[in-house]
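For reference, model-v5.txt (compact mmCIF, C-alpha atoms and all ligand atoms):
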```txt
# COMPACT_ATOMS: atom_id res chain seq x y z
CA MET A 50 10.96 35.19 -49.24
CA ASN A 51 7.50 35.44 -50.82
CA ALA A 52 4.94 32.96 -49.57
CA ALA A 53 3.40 30.58 -52.12
CA VAL A 54 -0.29 30.18 -52.88
CA ASP A 55 0.01 26.66 -51.51
CA GLN A 56 0.76 28.14 -48.07
CA TYR A 57 -2.35 30.34 -48.29
CA GLN A 58 -4.45 27.29 -49.08
CA GLY A 59 -2.67 25.30 -46.37
CA CYS A 60 -3.51 28.00 -43.86
CA LEU A 61 -7.27 28.04 -44.51
CA LEU A 62 -7.49 24.26 -44.99
CA GLY A 63 -5.48 23.71 -41.80
CA LEU A 64 -7.83 26.04 -39.94
CA ALA A 65 -10.97 24.29 -41.21
CA LEU A 66 -9.55 20.80 -40.63
CA GLY A 67 -8.40 21.59 -37.08
CA ASP A 68 -11.86 23.02 -36.42
CA ALA A 69 -13.86 20.17 -38.02
CA ILE A 70 -11.71 17.35 -36.62
CA GLY A 71 -11.70 18.91 -33.15
CA ALA A 72 -15.43 19.76 -33.00
CA PRO A 73 -16.72 16.27 -32.03
CA PHE A 74 -14.43 16.34 -28.97
CA GLU A 75 -15.53 19.73 -27.62
CA GLY A 76 -17.83 20.27 -24.63
CA GLY A 77 -19.69 17.85 -22.34
CA PRO A 78 -21.87 14.80 -23.14
CA VAL A 79 -24.82 16.92 -24.35
CA GLU A 80 -22.74 19.00 -26.81
CA ARG A 81 -21.02 15.87 -28.10
CA ALA A 82 -24.34 14.05 -28.61
CA LEU A 83 -25.70 17.07 -30.51
CA TRP A 84 -22.60 17.29 -32.70
CA HIS A 85 -22.95 13.58 -33.43
CA VAL A 86 -26.29 14.48 -35.07
CA ILE A 87 -25.39 17.78 -36.80
CA GLY A 88 -21.63 17.40 -37.28
CA LYS A 89 -21.77 16.06 -40.88
CA THR A 90 -22.83 17.70 -44.15
CA ARG A 91 -25.40 16.06 -46.43
CA ASN A 92 -22.45 14.46 -48.27
CA HIS A 93 -21.18 13.04 -44.95
CA LEU A 94 -18.21 15.42 -44.71
CA PRO A 95 -17.10 16.73 -41.29
CA ARG A 96 -18.67 20.17 -40.72
CA TRP A 97 -16.67 23.09 -39.37
CA THR A 98 -17.88 25.53 -36.72
CA ASP A 99 -17.87 29.30 -36.08
CA ASP A 100 -14.06 29.45 -36.25
CA THR A 101 -14.04 28.75 -39.98
CA GLN A 102 -17.28 30.62 -40.68
CA MET A 103 -15.98 33.82 -39.06
CA SER A 104 -12.62 33.46 -40.84
CA LEU A 105 -14.47 33.24 -44.17
CA ASP A 106 -16.44 36.35 -43.16
CA VAL A 107 -13.20 38.25 -42.43
CA ALA A 108 -11.79 37.12 -45.79
CA GLN A 109 -14.94 38.29 -47.57
CA VAL A 110 -14.62 41.82 -46.14
CA LEU A 111 -10.89 41.97 -46.93
CA LEU A 112 -11.55 40.95 -50.52
CA GLU A 113 -14.27 43.58 -50.86
CA HIS A 114 -12.50 46.49 -49.13
CA GLN A 115 -8.76 45.63 -48.97
CA ALA A 116 -9.05 46.57 -45.28
CA ILE A 117 -11.20 45.77 -42.25
CA ASP A 118 -14.34 47.90 -42.48
CA GLN A 119 -15.80 47.25 -39.02
CA ASP A 120 -19.44 48.13 -39.84
CA ARG A 121 -19.33 45.83 -42.86
CA LEU A 122 -17.66 43.06 -40.85
CA ALA A 123 -20.33 43.23 -38.13
CA GLU A 124 -23.01 42.99 -40.81
CA GLN A 125 -21.21 40.06 -42.45
CA PHE A 126 -20.81 38.18 -39.13
CA ALA A 127 -24.48 38.73 -38.26
CA GLY A 128 -25.64 37.62 -41.72
CA SER A 129 -23.66 34.36 -41.47
CA TYR A 130 -24.68 33.56 -37.90
CA ALA A 131 -26.36 30.15 -37.46
CA TRP A 132 -26.79 28.45 -34.08
CA SER A 133 -25.67 25.12 -35.53
CA ARG A 134 -22.11 26.43 -35.98
CA GLY A 135 -21.58 26.44 -32.20
CA TYR A 136 -20.71 30.12 -31.62
CA GLY A 137 -19.48 31.21 -28.19
CA PRO A 138 -22.43 32.26 -26.00
CA GLY A 139 -21.46 35.95 -25.82
CA THR A 140 -20.75 36.23 -29.54
CA ALA A 141 -24.06 34.53 -30.37
CA ARG A 142 -25.94 37.10 -28.27
CA GLN A 143 -24.04 39.99 -29.85
CA LEU A 144 -24.67 38.82 -33.39
CA LYS A 145 -28.37 38.35 -32.73
CA LEU A 146 -28.53 41.94 -31.44
CA VAL A 147 -26.69 43.21 -34.53
CA LYS A 148 -29.08 41.25 -36.73
CA ARG A 149 -31.99 43.08 -35.04
CA GLY A 150 -30.39 46.47 -35.79
CA THR A 151 -28.20 47.28 -32.76
CA HIS A 152 -24.91 48.96 -33.78
CA TRP A 153 -22.00 46.62 -32.98
CA PRO A 154 -20.24 48.76 -30.32
CA GLU A 155 -23.48 48.86 -28.34
CA ALA A 156 -24.17 45.14 -28.83
CA ARG A 157 -20.61 44.43 -27.67
CA SER A 158 -20.91 46.35 -24.39
CA THR A 159 -24.42 45.00 -23.71
CA VAL A 160 -23.03 41.48 -23.46
CA PHE A 161 -19.72 42.07 -21.59
CA LYS A 162 -19.20 45.58 -20.20
CA ASP A 163 -15.41 45.17 -20.25
CA GLY A 164 -15.45 43.23 -23.53
CA SER A 165 -15.16 39.49 -24.16
CA PHE A 166 -11.80 37.82 -23.50
CA GLY A 167 -12.89 34.67 -25.39
CA ASN A 168 -10.66 33.19 -28.10
CA GLY A 169 -13.27 34.00 -30.77
CA ALA A 170 -11.19 36.92 -32.07
CA ALA A 171 -7.90 34.99 -32.24
CA MET A 172 -9.41 32.10 -34.22
CA ARG A 173 -10.34 34.44 -37.10
CA SER A 174 -6.99 36.27 -37.42
CA PRO A 175 -5.49 33.94 -40.09
CA PRO A 176 -7.06 35.65 -43.15
CA VAL A 177 -5.84 39.03 -41.89
CA ALA A 178 -2.30 37.65 -41.65
CA LEU A 179 -2.59 36.22 -45.18
CA PHE A 180 -3.76 39.53 -46.62
CA PHE A 181 -1.23 41.81 -44.86
CA TYR A 182 1.65 39.32 -45.15
CA ASN A 183 4.28 41.96 -45.97
CA ASP A 184 3.43 44.94 -43.74
CA PHE A 185 3.85 44.03 -40.09
CA GLU A 186 2.46 47.23 -38.53
CA ARG A 187 -0.54 47.29 -40.86
CA LEU A 188 -1.15 43.64 -40.01
CA ILE A 189 -1.23 44.41 -36.29
CA ALA A 190 -3.57 47.40 -36.80
CA GLU A 191 -6.02 45.49 -39.03
CA THR A 192 -5.95 42.45 -36.72
CA LYS A 193 -7.02 44.66 -33.81
CA LYS A 194 -9.84 46.15 -35.89
CA ALA A 195 -11.11 42.69 -36.90
CA ALA A 196 -10.96 41.47 -33.29
CA ALA A 197 -12.67 44.50 -31.75
CA VAL A 198 -15.97 44.07 -33.61
CA THR A 199 -16.97 41.43 -31.05
CA HIS A 200 -14.04 41.23 -28.59
CA ALA A 201 -13.06 44.52 -26.89
CA HIS A 202 -11.11 43.01 -23.99
CA PRO A 203 -7.32 43.57 -24.22
CA LEU A 204 -6.63 39.85 -23.67
CA ALA A 205 -8.82 38.83 -26.62
CA ILE A 206 -7.07 41.43 -28.77
CA GLN A 207 -3.61 40.29 -27.68
CA GLY A 208 -4.65 36.72 -28.52
CA ALA A 209 -5.67 37.82 -32.01
CA VAL A 210 -2.39 39.71 -32.46
CA ALA A 211 -0.41 36.66 -31.30
CA ILE A 212 -1.98 34.39 -33.95
CA SER A 213 -1.35 37.00 -36.66
CA ILE A 214 2.30 37.35 -35.65
CA VAL A 215 2.93 33.59 -35.74
CA ILE A 216 1.26 33.19 -39.16
CA TYR A 217 3.27 36.15 -40.48
CA PHE A 218 6.44 34.26 -39.57
CA ALA A 219 5.12 30.88 -40.73
CA LEU A 220 4.52 32.35 -44.20
CA GLN A 221 7.98 33.85 -44.44
CA GLY A 222 10.10 30.86 -43.42
CA ARG A 223 10.86 30.51 -39.76
CA ASN A 224 12.83 33.17 -37.94
CA TYR A 225 11.78 31.95 -34.51
CA PRO A 226 13.89 34.14 -32.20
CA GLU A 227 12.42 37.29 -33.78
CA MET A 228 8.90 35.78 -33.61
CA TRP A 229 9.13 35.07 -29.87
CA ARG A 230 10.58 38.54 -29.26
CA LEU A 231 7.69 40.24 -31.08
CA LEU A 232 5.13 38.03 -29.36
CA LYS A 233 6.43 39.15 -25.95
CA GLU A 234 6.62 42.77 -27.05
CA ARG A 235 3.10 42.96 -28.56
CA CYS A 236 1.27 40.62 -26.13
CA ALA A 237 2.69 42.10 -22.97
CA SER A 238 0.02 41.40 -20.34
CA PRO A 239 1.53 39.27 -17.54
CA VAL A 240 -0.55 36.18 -18.34
CA PHE A 241 0.45 36.22 -22.01
CA SER A 242 4.12 37.07 -21.51
CA THR A 243 4.53 34.33 -18.87
CA LYS A 244 2.94 31.71 -21.12
CA ILE A 245 4.80 32.88 -24.23
CA GLY A 246 8.10 32.67 -22.32
CA LEU A 247 7.27 29.12 -21.25
CA ALA A 248 6.25 28.03 -24.76
CA GLU A 249 9.47 29.52 -26.14
CA ARG A 250 11.55 27.51 -23.67
CA TRP A 251 9.59 24.33 -24.40
CA ALA A 252 9.75 24.85 -28.16
CA ASP A 253 13.53 24.40 -28.28
CA GLY A 254 12.63 20.71 -28.66
CA SER A 255 15.12 19.41 -26.10
CA SER A 256 12.36 17.63 -24.17
CA GLU A 257 8.82 16.48 -24.97
CA ILE A 258 6.44 18.18 -22.56
CA ALA A 259 3.61 15.93 -21.30
CA LYS A 260 0.07 16.90 -22.30
CA GLY A 261 -0.90 17.36 -18.62
CA GLU A 262 1.80 20.02 -18.21
CA VAL A 263 0.68 21.81 -21.36
CA VAL A 264 -2.93 21.91 -20.14
CA LYS A 265 -1.97 22.93 -16.60
CA LEU A 266 0.47 25.69 -17.52
CA LEU A 267 -0.80 26.98 -20.90
CA GLY A 268 -4.51 26.05 -20.64
CA ASN A 269 -7.23 24.45 -22.77
CA GLY A 270 -10.21 26.78 -22.22
CA MET A 271 -12.32 29.24 -24.22
CA ALA A 272 -10.49 32.32 -22.89
CA ALA A 273 -7.85 33.71 -25.24
CA GLN A 274 -5.25 33.63 -22.47
CA ASP A 275 -6.01 29.91 -21.90
CA SER A 276 -5.80 28.67 -25.47
CA VAL A 277 -3.83 30.90 -27.87
CA VAL A 278 -0.36 30.09 -26.55
CA THR A 279 -1.37 26.42 -26.25
CA ALA A 280 -2.13 26.43 -30.00
CA ILE A 281 1.11 28.23 -30.83
CA TYR A 282 3.08 25.72 -28.78
CA ALA A 283 1.36 22.72 -30.42
CA ALA A 284 1.93 24.11 -33.93
CA THR A 285 5.58 24.90 -33.21
CA ARG A 286 6.24 21.49 -31.66
CA PHE A 287 4.69 19.58 -34.58
CA MET A 288 5.82 21.92 -37.37
CA SER A 289 8.15 19.30 -38.90
CA ARG A 290 5.84 16.38 -38.16
CA SER A 291 2.45 15.39 -39.56
CA PHE A 292 -0.78 17.38 -39.21
CA GLY A 293 -2.48 14.25 -37.84
CA GLU A 294 0.07 13.90 -35.01
CA MET A 295 -0.49 17.53 -34.06
CA ILE A 296 -4.28 17.17 -33.99
CA SER A 297 -4.11 13.95 -31.95
CA PHE A 298 -2.00 15.81 -29.39
CA ILE A 299 -4.54 18.66 -29.28
CA ILE A 300 -7.50 16.27 -28.95
CA SER A 301 -5.80 14.76 -25.90
CA PHE A 302 -6.04 18.15 -24.11
CA LYS A 303 -9.87 18.03 -24.09
CA GLY A 304 -11.45 21.47 -23.48
CA ASP A 305 -11.80 23.88 -26.42
CA VAL A 306 -10.36 21.36 -28.87
CA ASP A 307 -11.84 22.76 -32.09
CA THR A 308 -10.57 26.29 -31.60
CA ILE A 309 -7.11 25.22 -30.40
CA GLY A 310 -7.11 22.89 -33.44
CA ALA A 311 -8.22 25.70 -35.78
CA MET A 312 -5.53 28.12 -34.60
CA ALA A 313 -2.76 25.52 -34.60
CA GLY A 314 -3.98 24.12 -37.93
CA ALA A 315 -3.83 27.54 -39.59
CA ILE A 316 -0.25 28.06 -38.38
CA TRP A 317 0.84 24.56 -39.41
CA GLY A 318 -0.76 24.90 -42.86
CA ALA A 319 0.75 28.35 -43.47
CA ALA A 320 4.21 26.90 -42.85
CA ASN A 321 3.82 23.52 -44.56
CA GLY A 322 1.35 24.20 -47.38
CA SER A 323 -1.71 22.23 -48.44
CA ALA A 324 -0.20 19.15 -50.12
CA THR A 325 -0.48 16.75 -47.18
CA LEU A 326 -3.91 18.11 -46.21
CA GLU A 327 -5.52 17.28 -49.56
CA GLY A 328 -6.70 13.77 -48.68
CA ILE A 329 -8.42 14.66 -45.39
CA PRO A 330 -12.19 15.09 -45.77
CA VAL A 331 -13.78 18.42 -44.79
CA GLU A 332 -16.82 20.55 -45.62
CA ALA A 333 -16.48 22.99 -48.57
CA ARG A 334 -12.83 22.28 -49.41
CA ASP A 335 -13.16 23.89 -52.86
CA GLN A 336 -14.62 27.09 -51.40
CA LEU A 337 -11.81 27.30 -48.82
CA LYS A 338 -9.17 26.85 -51.51
CA TRP A 339 -10.84 29.41 -53.76
CA VAL A 340 -10.99 32.00 -50.96
CA ALA A 341 -7.31 31.36 -50.17
CA MET A 342 -6.45 31.83 -53.84
CA GLU A 343 -8.37 35.13 -53.95
CA LEU A 344 -6.59 36.35 -50.80
CA TYR A 345 -3.30 35.46 -52.48
CA LYS A 346 -4.19 37.32 -55.69
CA LYS A 347 -5.62 40.41 -53.96
CA ARG A 348 -3.24 40.61 -50.98
CA LEU A 349 -1.32 43.79 -50.33
CA PRO A 350 1.11 44.21 -53.25
CA PRO A 351 4.77 43.57 -52.43
CA PHE A 352 6.51 46.66 -51.07
CA ILE A 353 8.93 48.07 -53.65
CA CYS A 354 11.86 50.19 -52.41
CA GLY A 355 11.72 53.79 -53.56
CA GLN A 356 7.90 53.88 -54.05
N1 LIG A 401 -16.20 38.35 -18.22
C1 LIG A 401 -16.58 37.10 -17.85
N2 LIG A 401 -16.55 36.02 -18.65
C2 LIG A 401 -16.11 36.21 -19.90
C3 LIG A 401 -15.70 37.49 -20.38
C4 LIG A 401 -15.76 38.60 -19.48
N3 LIG A 401 -15.38 39.82 -19.83
N4 LIG A 401 -15.31 37.35 -21.63
C5 LIG A 401 -15.47 36.05 -21.96
N5 LIG A 401 -15.95 35.34 -20.91
P1 LIG A 401 -17.53 34.42 -25.95
P2 LIG A 401 -16.05 33.51 -28.30
C6 LIG A 401 -16.23 33.88 -20.88
O1 LIG A 401 -18.85 33.99 -25.47
O2 LIG A 401 -14.83 34.12 -27.78
C7 LIG A 401 -16.95 28.78 -29.45
O3 LIG A 401 -16.96 27.40 -29.39
C8 LIG A 401 -17.73 33.62 -20.93
O4 LIG A 401 -18.01 32.43 -20.26
O5 LIG A 401 -17.30 35.84 -26.34
O6 LIG A 401 -16.62 34.03 -29.55
C9 LIG A 401 -15.78 29.30 -30.25
O7 LIG A 401 -15.44 28.47 -31.34
C10 LIG A 401 -17.96 33.49 -22.43
O8 LIG A 401 -19.14 32.85 -22.79
O9 LIG A 401 -17.18 33.43 -27.17
C11 LIG A 401 -14.66 29.37 -29.26
O10 LIG A 401 -14.04 28.14 -29.13
C12 LIG A 401 -16.73 32.69 -22.83
O11 LIG A 401 -15.69 33.25 -22.03
C13 LIG A 401 -15.34 29.68 -27.96
O12 LIG A 401 -16.73 29.31 -28.14
C14 LIG A 401 -16.35 32.76 -24.32
O13 LIG A 401 -16.45 34.07 -24.82
C15 LIG A 401 -15.26 31.13 -27.56
O14 LIG A 401 -15.81 31.96 -28.56
MG MG A 402 -15.48 26.57 -32.36
```
Let me see the structure of the file written as structure tokens.
Amino acid sequence: MNAAVDQYQGCLLGLALGDAIGAPFEGGPVERALWHVIGKTRNHLPRWTDDTQMSLDVAQVLLEHQAIDQDRLAEQFAGSYAWSRGYGPGTARQLKLVKRGTHWPEARSTVFKDGSFGNGAAMRSPPVALFFYNDFERLIAETKKAAAVTHAHPLAIQGAVAISIVIYFALQGRNYPEMWRLLKERCASPVFSTKIGLAERWADGSSEIAKGEVVKLLGNGMAAQDSVVTAIYAATRFMSRSFGEMISFIISFKGDVDTIGAMAGAIWGAANGSATLEGIPVEARDQLKWVAMELYKKRLPPFICGQ
């Protein structure tokens, strides 16, 4: 089945809404007080954070090059960097180095020698999944390239791959057994495979898992291994319910609410489309919808047998 443009728009709107709605709940009292001051646009719309900004940057490079050009992506990330978007501390340092002329592989290893395992790579996978919607192996390869510009650690890269896989299936209609199988195969580190196995068992819907259990066993932190499967579980559990119910559940976790919200929102929107997200206020809705439309128009052409 071919995904509809509405699902592309749902994916980017869901990402931005999860990000912007979650942002006021992230961090301690100081971060929340600051966001209270800077968390609205001049037109009083909820602002999104680095999750959405970096996703728009990835989309920009895909639309220009029909692939992830890593030098160009590093330049794009650095050009868009602004402290007020709340970037992760390691990514902020890297992007400032790149801005001052350091080549990205060097900037990356200056900050974390073994690479960052933050969820900052996973949160920007959705546009890659939209663009390479019909070529699974190409999708995995391009997702890894997009992640590695700032996040070299295998756990960050597996987190990015996991989000791409789930969006790939959300766009196509929902073949869940195959999705869980591929998640376990491609995200095979013990921490990921244990959590994926748990989320798969929980997602059968036979019992409602309490939020405390979700936080304790899947996590709510900034590390990819402590937030990506949490987002996948939340999106899967609320797939046939409202976006608002899903976000309320995620807000109750505390922790890295905006990025768990962004990842879950992108998955939910890719499956359900944009119709029910239209009335919810967010910064730059028209730009997000336009970028989604461009990704739809310029995405990899459908594979035709015999070519
Ligand atoms: N060793 C030790 N600590 C690490 C390592 C490592 N190799 N990698 C990550 N950390 P970062 P992000 C810890 O800074 O992934 C924003 O709000 C370390 O404490 O690369 O881009 C985003 O929206 C590091 O600062 O950021 C996300 O929600 C932290 O993990 C979130 O921050 C995050 O890694 C993460 O974004
Ligand atoms: Mg964020």
What's the 6 Å shell around Ser165 (chain A), counting all atoms listed in the file, without same-chain residues fewer than 2 positions away, as a ChimeraX atom specification?
-> /A:161,167,200,202
Which residues of chain A come within 9 Å of ligand MG 402 (chain A), and what is each one's closest atom pair and distance in Å (one decimal), counting only C-alpha atoms and all ligand atoms, sorted by chain and residue number, as CSV?
```
residue,atom,partner,partner_atom,distance
A:Asp68,CA,A:MG402,MG,6.5
A:Ala69,CA,A:MG402,MG,8.7
A:Gly71,CA,A:MG402,MG,8.6
A:Ala72,CA,A:MG402,MG,6.8
A:Glu75,CA,A:MG402,MG,8.3
A:Trp97,CA,A:MG402,MG,7.9
A:Thr98,CA,A:MG402,MG,5.1
A:Asp99,CA,A:MG402,MG,5.2
A:Asp100,CA,A:MG402,MG,5.0
A:Thr101,CA,A:MG402,MG,8.1
A:Arg134,CA,A:MG402,MG,7.6
A:Gly135,CA,A:MG402,MG,6.1
A:Tyr136,CA,A:MG402,MG,6.4
A:Gly137,CA,A:MG402,MG,7.4
A:Gly169,CA,A:MG402,MG,7.9
A:Met172,CA,A:MG402,MG,8.4
A:Asp305,CA,A:MG402,MG,7.5
A:Val306,CA,A:MG402,MG,8.1
A:Asp307,CA,A:MG402,MG,5.3
A:Thr308,CA,A:MG402,MG,5.0
A:Ile309,CA,A:MG402,MG,8.7
A:Ala311,CA,A:MG402,MG,8.1
```
Minimum-distance residue to ligand LIG 401 (chain A), chosen among A:Ala53, A:Val240, A:Val160, A:Ala319 (using only C-alpha atoms and all ligand atoms) =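 Closest to ligand LIG 401 (chain A), using only C-alpha atoms and all ligand atoms: A:Val160.
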Near-region 57-65 of chain A list (9 Å; only C-alpha atoms; drop same-chain fewer than 3 positions) as a PyMOL selection string = chain A and resi 52-54+68-70+96-98+100-102+104-105+172+175-176+179+216+220+292+308+310-327+331-332+334+337-342+344-345
Please, what distance in Å, to one decimal, runs between CA of Asp163 (chain A) and atom O7 of ligand LIG 401 (chain A)?
-> 20.0 Å
Using all atoms listed in the file, which of A:Gly261, A:Gly268, A:Gly328, A:Gly208 sits nearest Phe241 (chain A)?
->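 Checking each candidate against Phe241 (chain A), we get A:Gly208 as the closest.
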Identify, on the basis of all atoms listed in the file, every residue whose closest approach to Asn168 (chain A) does not exceed 6 Å; exclude the query and any residue fewer than 3 positions from it along the same chain; express the result as a list of chain:residue names.
->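 Those residues are A:Ala171, A:Met271, A:Ala272, A:Ala273.
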Selection from above, C-alpha atoms, as a PDB file, in the frame of the given file, can you write it?
```pdb
ATOM      1  CA  ALA A 171      -7.900  34.990 -32.240  1.00  0.00           C
ATOM      2  CA  MET A 271     -12.320  29.240 -24.220  1.00  0.00           C
ATOM      3  CA  ALA A 272     -10.490  32.320 -22.890  1.00  0.00           C
ATOM      4  CA  ALA A 273      -7.850  33.710 -25.240  1.00  0.00           C
TER       5      ALA A 273
END
```
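What separates CA of Tyr217 (chain A) from CA of Ala178 (chain A) is a distance of 5.9 Å.
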Box for region 150-165 of chain A - axis-aligned, 6 Å on each of the six sides, all listed atoms - centre and size in Å to one decimal, as AutoDock Vina command-line options.
```
--center_x -22.8 --center_y 44.2 --center_z -28.0 --size_x 27.2 --size_y 21.5 --size_z 27.6
```
